[in-house]
Amino acid sequence: MVESEVSEIEDMFTGHYEWTDNIQAVYETIENDKQPEQSAMSSEGDFDSEVQGFSYQPNGNNDYLGAYSSIIEDVVASYGEYCEYTLYDLDGDGIKELITSVGTCDADWSNVVYTLEDGYVSMIGDFYGLVMLYVAEDGNGLYAVSGGMEYQNIDQITKNGNQLQVETIMSGEIGVEEDYYSNDNPVSFNRVTDDSLLRQ
């Protein structure tokens, strides 16, 4: 292995562990600010951070800017301004989940999913890779499509309670003349420097 390849691998792992350490530090800071009766960890080990001023509105007028902006700010601080995010209600309960698309290179790219419950933000899971998102044809969640070099992978991303579920529904080679999967209902990402989705 040449020196430049070794350096690239070291940079990738350094970036990953710096991100992990940074998130842990943020979680610990929030944990220390909580009242004793507010448990920081759910039974599944997901961290719940209190959202100041957030309240669920059954008519759909939720304050996503107030709820999710600190997550976006952490992404910018850790990864820079070229990462992306989107909002989508994965289970039709009237609350849109935040999906951040972050990484330093193709090898470590991840899409992290957050939801809101009882005034708290919870990270409920993630799925990997640089993907295009489409509303699933059966109306249940999203399709995450990735691929290249005449190969594609399609995962169906759904939410069951506070658990993210990722199921591969297609993975394999496609013909030279075939198009990669798409449908008429794409879900677009915004740059993390553009908060317009959070204001809708």
# chains A, B, ... in the order shown; residues from 1 in each chain; ligands from 1
call {"tool": "residues_around", "arguments": {"residues": "Gly147 (chain A)", "least_positions_apart": "2", "cutoff": "12 Å", "atoms": "only C-alpha atoms", "output": "VMD selection string"}}
result
chain A and resid 106 128 to 132 144 to 145 149 to 155 170 to 174 179 to 181
call {"tool": "select_by_dssp", "arguments": {"residues": "region 57-173 of chain A", "states": "alpha helix (DSSP H)", "output": "list of chain:residue names"}}
result
A:Tyr64, A:Leu65, A:Gly66, A:Ala67, A:Tyr68, A:Ser69, A:Ser70, A:Ile71, A:Ile72, A:Glu73, A:Asp74, A:Val75, A:Val76, A:Ala77, A:Ser78, A:Tyr79
call {"tool": "residues_around", "arguments": {"residues": "Leu197 (chain A)", "least_positions_apart": "3", "cutoff": "10 Å", "atoms": "only C-alpha atoms", "output": "number ranges by chain"}}
result
A: 64-65, 85-87, 189-192, 194, 200
call {"tool": "atom_distance", "arguments": {"atom1": "CA of Ile99 (chain A)", "atom2": "CA of Tyr114 (chain A)"}}
result
6.5 Å
call {"tool": "atom_distance", "arguments": {"atom1": "CA of Leu98 (chain A)", "atom2": "CA of Val112 (chain A)"}}
result
8.0 Å
call {"tool": "select_by_dssp", "arguments": {"residues": "region 57-95 of chain A", "states": "strand (DSSP E or B)", "output": "list in words"}}
result
Glu84, Tyr85, Thr86, Leu87 and Tyr88 of chain A
call {"tool": "write_last_selection", "arguments": {"atoms": "all heavy atoms", "output": "mmCIF file, in the first residue's frame"}}
result
data_model
loop_
_atom_site.group_PDB
_atom_site.id
_atom_site.type_symbol
_atom_site.label_atom_id
_atom_site.label_comp_id
_atom_site.auth_asym_id
_atom_site.auth_seq_id
_atom_site.Cartn_x
_atom_site.Cartn_y
_atom_site.Cartn_z
ATOM 1 N N GLU A 84 -25.927 17.796 3.889
ATOM 2 C CA GLU A 84 -27.312 18.093 3.542
ATOM 3 C C GLU A 84 -28.268 17.518 4.582
ATOM 4 O O GLU A 84 -27.873 16.733 5.443
ATOM 5 C CB GLU A 84 -27.634 17.522 2.162
ATOM 6 C CG GLU A 84 -26.787 18.118 1.044
ATOM 7 C CD GLU A 84 -27.089 17.512 -0.304
ATOM 8 O OE1 GLU A 84 -27.259 16.270 -0.379
ATOM 9 O OE2 GLU A 84 -27.163 18.266 -1.291
ATOM 10 N N TYR A 85 -29.536 17.931 4.459
ATOM 11 C CA TYR A 85 -30.576 17.402 5.335
ATOM 12 C C TYR A 85 -31.905 17.437 4.610
ATOM 13 O O TYR A 85 -32.071 18.130 3.595
ATOM 14 C CB TYR A 85 -30.667 18.222 6.629
ATOM 15 C CG TYR A 85 -31.377 19.547 6.457
ATOM 16 C CD1 TYR A 85 -32.730 19.697 6.769
ATOM 17 C CD2 TYR A 85 -30.707 20.658 5.940
ATOM 18 C CE1 TYR A 85 -33.387 20.906 6.582
ATOM 19 C CE2 TYR A 85 -31.350 21.870 5.748
ATOM 20 C CZ TYR A 85 -32.691 21.994 6.070
ATOM 21 O OH TYR A 85 -33.339 23.186 5.875
ATOM 22 N N THR A 86 -32.858 16.685 5.121
ATOM 23 C CA THR A 86 -34.231 16.781 4.634
ATOM 24 C C THR A 86 -35.169 16.451 5.779
ATOM 25 O O THR A 86 -34.745 15.971 6.842
ATOM 26 C CB THR A 86 -34.484 15.847 3.429
ATOM 27 O OG1 THR A 86 -35.732 16.198 2.818
ATOM 28 C CG2 THR A 86 -34.491 14.377 3.847
ATOM 29 N N LEU A 87 -36.451 16.731 5.589
ATOM 30 C CA LEU A 87 -37.501 16.389 6.541
ATOM 31 C C LEU A 87 -38.524 15.513 5.841
ATOM 32 O O LEU A 87 -38.910 15.796 4.700
ATOM 33 C CB LEU A 87 -38.210 17.646 7.071
ATOM 34 C CG LEU A 87 -37.400 18.642 7.892
ATOM 35 C CD1 LEU A 87 -38.284 19.823 8.270
ATOM 36 C CD2 LEU A 87 -36.834 17.998 9.136
ATOM 37 N N TYR A 88 -38.953 14.454 6.533
ATOM 38 C CA TYR A 88 -40.003 13.608 5.960
ATOM 39 C C TYR A 88 -40.690 12.852 7.091
ATOM 40 O O TYR A 88 -40.027 12.322 7.983
ATOM 41 C CB TYR A 88 -39.429 12.616 4.946
ATOM 42 C CG TYR A 88 -40.508 11.857 4.215
ATOM 43 C CD1 TYR A 88 -41.192 12.452 3.157
ATOM 44 C CD2 TYR A 88 -40.874 10.573 4.613
ATOM 45 C CE1 TYR A 88 -42.216 11.771 2.505
ATOM 46 C CE2 TYR A 88 -41.891 9.895 3.970
ATOM 47 C CZ TYR A 88 -42.561 10.499 2.920
ATOM 48 O OH TYR A 88 -43.574 9.836 2.273
#
call {"tool": "residues_around", "arguments": {"residues": "Ile124 (chain A)", "least_positions_apart": "2", "cutoff": "9 Å", "atoms": "only C-alpha atoms", "output": "MDAnalysis selection string"}}
result
chainID A and resid 46:47 112:115 122 126 159 162:164
call {"tool": "write_last_selection", "arguments": {"atoms": "C-alpha atoms", "output": "mmCIF file, in the first residue's frame"}}
result
data_model
loop_
_atom_site.group_PDB
_atom_site.id
_atom_site.type_symbol
_atom_site.label_atom_id
_atom_site.label_comp_id
_atom_site.auth_asym_id
_atom_site.auth_seq_id
_atom_site.Cartn_x
_atom_site.Cartn_y
_atom_site.Cartn_z
ATOM 1 C CA ASP A 46 -30.869 6.300 22.040
ATOM 2 C CA PHE A 47 -30.168 9.729 23.413
ATOM 3 C CA VAL A 112 -28.789 9.900 10.452
ATOM 4 C CA VAL A 113 -32.481 9.997 11.372
ATOM 5 C CA TYR A 114 -33.964 11.984 14.271
ATOM 6 C CA THR A 115 -37.536 12.242 15.487
ATOM 7 C CA SER A 122 -34.164 11.297 19.587
ATOM 8 C CA ASP A 126 -29.043 5.594 10.412
ATOM 9 C CA LYS A 159 -40.206 3.900 11.214
ATOM 10 C CA ASN A 162 -39.102 4.923 17.765
ATOM 11 C CA GLN A 163 -37.204 2.321 15.790
ATOM 12 C CA LEU A 164 -35.794 2.920 12.326
#
call {"tool": "atom_distance", "arguments": {"atom1": "CA of Val102 (chain A)", "atom2": "CA of Tyr82 (chain A)"}}
result
8.6 Å
